file data00.csv (CSV, C-alpha atoms and all ligand atoms)
chain,number,residue,atom,x,y,z
L,212,MET,CA,-144.5,-70.0,6.5
L,213,ALA,CA,-146.0,-67.0,4.8
L,214,GLN,CA,-149.8,-66.7,4.6
L,215,ILE,CA,-151.1,-67.3,1.1
L,216,THR,CA,-154.5,-66.0,0.0
L,217,GLU,CA,-156.0,-66.1,-3.6
L,218,VAL,CA,-157.2,-62.6,-4.0
L,219,ALA,CA,-158.2,-63.0,-7.7
L,220,PRO,CA,-158.2,-66.2,-9.8
L,221,ASP,CA,-154.6,-67.4,-9.9
L,222,LEU,CA,-153.4,-64.2,-8.2
L,223,PHE,CA,-152.0,-65.0,-4.8
L,224,ARG,CA,-151.1,-62.7,-1.9
L,225,ILE,CA,-148.1,-64.0,0.0
L,226,THR,CA,-147.8,-62.2,3.3
L,227,THR,CA,-145.5,-62.2,6.3
L,228,PHE,CA,-146.1,-60.1,9.4
L,229,LEU,CA,-142.9,-58.6,10.9
L,230,GLU,CA,-143.7,-57.8,14.5
L,231,PRO,CA,-140.8,-55.3,15.0
L,232,PHE,CA,-142.2,-53.1,12.3
L,233,ASN,CA,-145.9,-53.9,13.1
L,234,LEU,CA,-146.2,-54.4,9.4
L,235,GLN,CA,-147.2,-56.9,6.8
L,236,PHE,CA,-145.1,-57.4,3.7
L,237,SER,CA,-147.0,-58.9,0.8
L,238,GLN,CA,-145.8,-60.2,-2.5
L,239,PHE,CA,-148.2,-61.2,-5.3
L,240,LEU,CA,-147.7,-64.3,-7.4
L,241,VAL,CA,-149.6,-64.6,-10.7
L,242,ARG,CA,-150.0,-68.2,-11.9
L,243,ASP,CA,-150.2,-67.9,-15.6
L,244,ALA,CA,-148.4,-69.2,-18.8
L,245,GLN,CA,-145.6,-66.8,-17.9
L,246,PRO,CA,-145.7,-66.6,-14.1
L,247,LEU,CA,-145.1,-63.2,-12.6
L,248,LEU,CA,-143.9,-62.3,-9.0
L,249,TYR,CA,-144.8,-58.8,-8.1
L,250,HIS,CA,-142.5,-57.5,-5.3
L,251,THR,CA,-139.7,-59.9,-4.2
L,252,GLY,CA,-139.9,-58.9,-0.5
L,253,PRO,CA,-136.7,-57.9,1.3
L,254,ARG,CA,-133.7,-60.3,1.3
L,255,MET,CA,-134.4,-61.3,4.9
L,256,LEU,CA,-137.7,-62.8,3.8
L,257,PHE,CA,-136.4,-64.6,0.7
L,258,PRO,CA,-136.5,-68.2,2.2
L,259,ALA,CA,-140.1,-67.7,3.4
L,260,VAL,CA,-141.3,-66.2,0.1
L,261,LYS,CA,-139.5,-68.9,-1.9
L,262,GLU,CA,-141.2,-71.6,0.1
L,263,ALA,CA,-144.6,-70.0,-0.5
L,264,VAL,CA,-144.0,-69.5,-4.2
L,265,ALA,CA,-142.8,-73.1,-4.5
L,266,SER,CA,-146.1,-74.3,-3.1
L,267,LEU,CA,-147.9,-72.6,-6.0
L,268,ILE,CA,-145.5,-73.0,-9.0
L,269,ASP,CA,-142.2,-74.6,-10.0
L,270,VAL,CA,-140.0,-71.6,-9.1
L,271,ARG,CA,-137.7,-72.4,-12.0
L,272,THR,CA,-140.5,-71.4,-14.4
L,273,LEU,CA,-140.9,-67.9,-13.0
L,274,ARG,CA,-140.8,-65.6,-16.0
L,275,TRP,CA,-141.3,-62.0,-14.7
L,276,ILE,CA,-140.3,-60.3,-11.5
L,277,GLY,CA,-142.1,-56.9,-11.3
L,278,PHE,CA,-142.0,-54.1,-8.8
L,279,SER,CA,-143.0,-50.5,-8.4
L,280,HIS,CA,-139.8,-48.8,-7.3
L,281,PHE,CA,-136.2,-49.5,-6.1
L,282,GLU,CA,-136.4,-50.4,-2.4
L,283,ALA,CA,-135.6,-53.6,-0.5
L,284,ASP,CA,-139.2,-54.7,0.1
L,285,GLU,CA,-140.0,-54.1,-3.6
L,286,CYS,CA,-137.0,-55.8,-5.2
L,287,GLY,CA,-134.3,-56.6,-2.6
L,288,SER,CA,-134.0,-60.3,-3.5
L,289,LEU,CA,-134.3,-59.9,-7.3
L,290,SER,CA,-130.9,-61.4,-7.9
L,291,GLU,CA,-131.6,-64.4,-5.7
L,292,TRP,CA,-134.8,-65.0,-7.7
L,293,GLN,CA,-133.0,-64.7,-11.0
L,294,GLN,CA,-130.5,-67.3,-9.9
L,295,LEU,CA,-133.3,-69.7,-9.2
L,296,ALA,CA,-135.3,-69.0,-12.3
L,297,PRO,CA,-132.9,-68.9,-15.3
L,298,GLN,CA,-135.5,-67.4,-17.7
L,299,SER,CA,-136.7,-64.6,-15.4
L,300,GLU,CA,-136.5,-61.0,-16.3
L,301,ALA,CA,-137.1,-58.0,-14.0
L,302,VAL,CA,-139.9,-55.8,-15.2
L,303,CYS,CA,-140.1,-52.2,-14.1
L,304,SER,CA,-140.2,-48.6,-15.5
L,305,VAL,CA,-137.8,-47.5,-18.2
L,306,VAL,CA,-136.4,-45.0,-15.6
L,307,GLY,CA,-135.9,-47.9,-13.1
L,308,LYS,CA,-134.1,-49.9,-15.6
L,309,LEU,CA,-131.9,-47.1,-16.9
L,310,VAL,CA,-131.1,-45.5,-13.5
L,311,SER,CA,-130.6,-48.4,-11.1
L,312,VAL,CA,-131.9,-51.9,-11.8
L,313,ASP,CA,-129.6,-53.0,-14.7
L,314,ASP,CA,-126.5,-51.6,-12.9
L,315,CYS,CA,-127.2,-52.5,-9.3
L,316,LEU,CA,-129.3,-55.5,-9.0
L,317,ALA,CA,-130.6,-57.4,-12.1
L,318,LEU,CA,-128.5,-60.4,-13.3
L,319,ARG,CA,-129.9,-59.8,-16.8
L,320,PRO,CA,-131.2,-56.6,-18.5
L,321,ALA,CA,-134.6,-55.7,-17.2
L,322,LYS,CA,-137.6,-55.1,-19.3
L,323,GLY,CA,-138.2,-51.3,-19.0
L,324,MET,CA,-141.9,-50.5,-19.5
L,325,ALA,CA,-143.1,-47.3,-21.0
L,326,ASP,CA,-146.2,-45.6,-19.7
L,327,ASN,CA,-149.3,-47.5,-20.9
L,328,GLU,CA,-147.3,-50.4,-22.3
L,329,VAL,CA,-149.0,-53.8,-21.8
L,330,LEU,CA,-147.3,-57.0,-20.5
L,331,GLN,CA,-149.3,-60.1,-21.5
L,332,THR,CA,-148.5,-63.1,-19.2
L,333,GLY,CA,-151.1,-65.5,-20.8
L,334,LYS,CA,-154.7,-65.0,-19.8
L,335,TYR,CA,-153.7,-61.9,-17.9
L,336,ARG,CA,-152.8,-58.4,-19.2
L,337,PHE,CA,-150.9,-56.0,-17.1
L,338,ARG,CA,-151.0,-52.3,-18.1
L,339,PHE,CA,-148.0,-50.4,-16.8
L,340,LEU,CA,-148.6,-46.9,-15.5
L,341,ALA,CA,-145.6,-44.7,-14.9
L,342,THR,CA,-146.3,-42.8,-11.6
L,343,PRO,CA,-143.1,-40.8,-10.8
L,344,HIS,CA,-142.9,-39.9,-7.1
L,345,VAL,CA,-146.2,-41.8,-6.3
L,346,PRO,CA,-145.9,-43.4,-3.8
L,347,HIS,CA,-142.3,-42.3,-3.9
L,348,CYS,CA,-139.1,-42.5,-6.1
L,349,TRP,CA,-138.6,-41.2,-9.6
L,350,GLU,CA,-138.8,-44.6,-11.1
L,351,ALA,CA,-142.2,-45.5,-9.5
L,352,GLY,CA,-144.9,-47.3,-11.5
L,353,HIS,CA,-148.0,-49.4,-11.0
L,354,MET,CA,-149.5,-52.3,-12.9
L,355,LEU,CA,-153.2,-52.8,-13.5
L,356,GLU,CA,-154.3,-56.3,-14.4
L,357,GLU,CA,-157.1,-55.4,-16.9
L,358,THR,CA,-159.2,-58.6,-17.0
L,359,GLN,CA,-159.9,-58.7,-13.3
L,360,ARG,CA,-159.2,-55.0,-12.7
L,361,THR,CA,-156.6,-55.6,-10.0
L,362,LEU,CA,-154.3,-52.8,-9.3
L,363,LEU,CA,-150.9,-53.8,-7.8
L,364,CYS,CA,-150.6,-50.6,-5.8
L,365,SER,CA,-147.4,-51.0,-3.8
L,366,ASP,CA,-147.2,-48.7,-0.8
L,367,LEU,CA,-150.5,-46.9,-1.6
L,368,LEU,CA,-153.1,-47.8,1.1
L,369,HIS,CA,-150.3,-48.8,3.5
L,370,GLN,CA,-151.9,-50.1,6.8
L,371,ALA,CA,-150.2,-51.0,10.0
L,372,GLY,CA,-150.8,-54.2,12.0
L,373,ASN,CA,-151.6,-57.8,11.1
L,374,GLY,CA,-155.0,-57.3,9.4
L,375,GLU,CA,-157.2,-59.6,7.5
L,376,PRO,CA,-155.9,-60.7,4.0
L,377,VAL,CA,-158.9,-59.1,2.2
L,378,THR,CA,-161.4,-56.5,3.3
L,379,HIS,CA,-164.4,-54.8,1.9
L,380,SER,CA,-164.4,-52.1,4.6
L,381,ASP,CA,-162.5,-48.8,4.9
L,382,VAL,CA,-158.8,-49.0,4.3
L,383,VAL,CA,-158.3,-45.3,3.6
L,384,GLY,CA,-158.9,-44.4,7.2
L,385,ARG,CA,-156.3,-47.0,8.3
L,386,CYS,CA,-153.8,-45.5,5.9
L,387,ARG,CA,-154.5,-42.0,7.2
L,388,ASP,CA,-153.7,-43.2,10.7
L,389,VAL,CA,-150.3,-44.6,9.6
L,390,LEU,CA,-149.4,-41.5,7.7
L,391,MET,CA,-150.2,-39.3,10.7
L,392,GLU,CA,-148.3,-41.6,13.0
L,393,TYR,CA,-145.2,-41.6,10.7
L,394,GLN,CA,-145.3,-37.8,10.5
L,395,GLN,CA,-144.4,-37.8,14.2
L,396,GLY,CA,-141.2,-39.9,14.0
L,397,PRO,CA,-138.2,-40.8,11.9
L,398,LEU,CA,-140.3,-42.1,9.0
L,399,ALA,CA,-141.9,-38.7,8.4
L,400,ASN,CA,-142.6,-37.7,4.8
L,401,TYR,CA,-142.8,-41.3,3.8
L,402,MET,CA,-144.4,-40.1,0.6
L,403,PRO,CA,-143.9,-36.7,-1.0
L,404,TYR,CA,-146.7,-34.4,-1.7
L,405,CYS,CA,-145.8,-32.7,-5.0
L,406,THR,CA,-147.2,-31.3,-8.2
L,407,LEU,CA,-147.7,-34.9,-9.5
L,408,THR,CA,-149.4,-36.4,-6.5
L,409,ASP,CA,-153.1,-35.5,-6.9
L,410,SER,CA,-153.3,-36.0,-10.7
L,411,THR,CA,-151.4,-39.3,-10.5
L,412,ILE,CA,-153.7,-40.8,-7.8
L,413,ASN,CA,-156.8,-39.6,-9.7
L,414,ARG,CA,-155.5,-41.1,-12.9
L,415,LEU,CA,-155.3,-44.5,-11.1
L,416,ALA,CA,-158.8,-43.9,-9.7
L,417,ALA,CA,-160.2,-43.3,-13.2
L,418,LEU,CA,-159.1,-46.8,-14.2
L,419,GLN,CA,-161.8,-48.1,-11.7
L,420,PRO,CA,-159.9,-51.0,-10.2
L,421,ARG,CA,-162.0,-53.6,-8.3
L,422,THR,CA,-159.2,-54.9,-6.2
L,423,LEU,CA,-156.4,-52.8,-4.6
L,424,ALA,CA,-153.5,-55.1,-3.9
L,425,THR,CA,-151.4,-53.2,-1.5
L,426,MET,CA,-148.0,-54.3,-0.2
L,427,HIS,CA,-148.6,-53.4,3.5
L,428,GLY,CA,-152.0,-54.3,4.9
L,429,SER,CA,-155.3,-55.8,3.7
L,430,VAL,CA,-156.2,-56.0,0.1
L,431,TYR,CA,-159.3,-53.9,-0.6
L,432,VAL,CA,-162.1,-55.3,-2.8
L,433,GLY,CA,-164.8,-52.8,-3.7
L,434,ASP,CA,-165.0,-49.4,-5.4
L,435,GLY,CA,-161.3,-48.9,-5.9
L,436,GLY,CA,-161.8,-45.7,-7.8
L,437,GLN,CA,-163.6,-44.1,-4.8
L,438,ALA,CA,-161.0,-45.5,-2.4
L,439,LEU,CA,-158.2,-43.9,-4.4
L,440,ARG,CA,-160.0,-40.5,-4.7
L,441,ASP,CA,-160.4,-40.6,-0.9
L,442,LEU,CA,-156.7,-41.5,-0.6
L,443,ALA,CA,-155.9,-38.4,-2.7
L,444,THR,CA,-157.8,-36.3,-0.2
L,445,VAL,CA,-155.9,-37.9,2.7
L,446,PHE,CA,-152.6,-37.2,1.0
L,447,ARG,CA,-153.5,-33.6,0.5
L,448,GLU,CA,-154.6,-33.1,4.1
L,449,VAL,CA,-151.9,-35.1,5.8
L,450,LEU,CA,-148.9,-34.7,3.6
L,451,GLY,CA,-149.8,-31.6,1.7
L,452,ALA,CA,-150.1,-29.7,5.0
L,453,ALA,CA,-146.7,-30.9,6.3
P,501,FE,FE,-141.7,-47.9,-1.0
P,502,FE,FE,-143.3,-51.0,0.7

call {"tool": "encode", "arguments": {"input": "data00.csv", "output": "structure tokens", "more": "lines below"}}
Ligand SMILES: [Fe+2]
Ligand SMILES: [Fe+2]
result
Amino acid sequence: MAQITEVAPDLFRITTFLEPFNLQFSQFLVRDAQPLLYHTGPRMLFPAVKEAVASLIDVRTLRWIGFSHFEADECGSLSEWQQLAPQSEAVCSVVGKLVSVDDCLALRPAKGMADNEVLQTGKYRFRFLATPHVPHCWEAGHMLEETQRTLLCSDLLHQAGNGEPVTHSDVVGRCRDVLMEYQQGPLANYMPYCTLTDSTINRLAALQPRTLATMHGSVYVGDGGQALRDLATVFREVLGAA
């Protein structure tokens, strides 16, 4: 079964390590009046993620299924989840909804979020931040849970290996190692370095998140603003130089 860790009150990290990729895949379940699953995980992980979510809530009550961008690990099992949870709606960027999600994947029209729009799930408030091409894809966005200052940061701070669920120590260095390694092989240019990169990451940093809930690797708890500013430097040095 997937490993479950409560990284903020009623915000659970559900993680499976896939050895062939040397990579963890995490989904985040928010247990609130309107439960939210952020990232579905790829379809191959659906049975494991379903079992983990079912240990935390009645899966039929799932209300929101959110994700940053249109890739298998972000939203691959969206339709399976929507079959299980009849009231559930996908929640993504307006671009994601219009360009891909409603046509290709969602069983019901998605909720397309505008930049800075807020989704209230009960006690929690998620501010949507449109972040085109960060980490990648036109439709990319991030969500900041404002009461606990948890940033659901998708592929940002990607780390390899089967690390600890939560850490207070350096994750930017680990991310740098992955980006440099990927640049040497078929996964090169994992994230683009473009005119939007630096300002977007620094905009996220200015929100001063306390918890950086990444999809791949350990969740970072600490000065999230500084970690993101350091990440912007790593992007410039590793990806900007490519
Ligand atoms: Fe991605
Ligand atoms: Fe990912």

call {"tool": "residues_near_ligand", "arguments": {"input": "data00.csv", "ligand": "ligand FE 502 (chain P)", "cutoff": "6 Å", "atoms": "all atoms listed in the file", "output": "number ranges by chain"}}
result
L: 284, 366, 426

call {"tool": "residues_near_ligand", "arguments": {"input": "data00.csv", "ligand": "ligand FE 501 (chain P)", "cutoff": "8 Å", "atoms": "all atoms listed in the file", "output": "list of chain:residue names"}}
result
L:Ser279, L:His280, L:Phe281, L:Glu282, L:Asp284, L:Glu285, L:Pro346, L:His347, L:Cys348, L:Ser365, L:Asp366

call {"tool": "closest_residue", "arguments": {"input": "data00.csv", "among": "L:Leu407, L:Leu415, L:Val382, L:Leu390", "to": "L:Leu362", "atoms": "only C-alpha atoms"}}
result
L:Leu415

call {"tool": "residues_near_point", "arguments": {"input": "data00.csv", "point": "(-137.6, -56.9, -12.9)", "cutoff": "7 Å", "atoms": "all atoms listed in the file", "output": "list in words"}}
result
Trp275, Ile276, Gly277, Phe278, Glu300, Ala301, Val302, Cys303, Ala321 and Lys322 of chain L

call {"tool": "residues_around", "arguments": {"input": "data00.csv", "residues": "L:Ser266", "least_positions_apart": "5", "cutoff": "12 Å", "atoms": "all atoms listed in the file", "output": "number ranges by chain"}}
result
L: 212-215, 223, 225, 240, 242, 259-261

call {"tool": "write_last_selection", "arguments": {"input": "data00.csv", "atoms": "C-alpha atoms", "output": "PDB file, in the frame of the given file"}}
result
ATOM      1  CA  MET L 212    -144.500 -70.000   6.500  1.00  0.00           C
ATOM      2  CA  ALA L 213    -146.000 -67.000   4.800  1.00  0.00           C
ATOM      3  CA  GLN L 214    -149.800 -66.700   4.600  1.00  0.00           C
ATOM      4  CA  ILE L 215    -151.100 -67.300   1.100  1.00  0.00           C
ATOM      5  CA  PHE L 223    -152.000 -65.000  -4.800  1.00  0.00           C
ATOM      6  CA  ILE L 225    -148.100 -64.000   0.000  1.00  0.00           C
ATOM      7  CA  LEU L 240    -147.700 -64.300  -7.400  1.00  0.00           C
ATOM      8  CA  ARG L 242    -150.000 -68.200 -11.900  1.00  0.00           C
ATOM      9  CA  ALA L 259    -140.100 -67.700   3.400  1.00  0.00           C
ATOM     10  CA  VAL L 260    -141.300 -66.200   0.100  1.00  0.00           C
ATOM     11  CA  LYS L 261    -139.500 -68.900  -1.900  1.00  0.00           C
TER      12      LYS L 261
END

call {"tool": "atom_distance", "arguments": {"input": "data00.csv", "atom1": "atom CA of L:Thr378", "atom2": "atom CA of L:Ala263"}}
result
21.9 Å

call {"tool": "atom_distance", "arguments": {"input": "data00.csv", "atom1": "atom CA of L:Met391", "atom2": "atom CA of L:Leu368"}}
result
13.1 Å
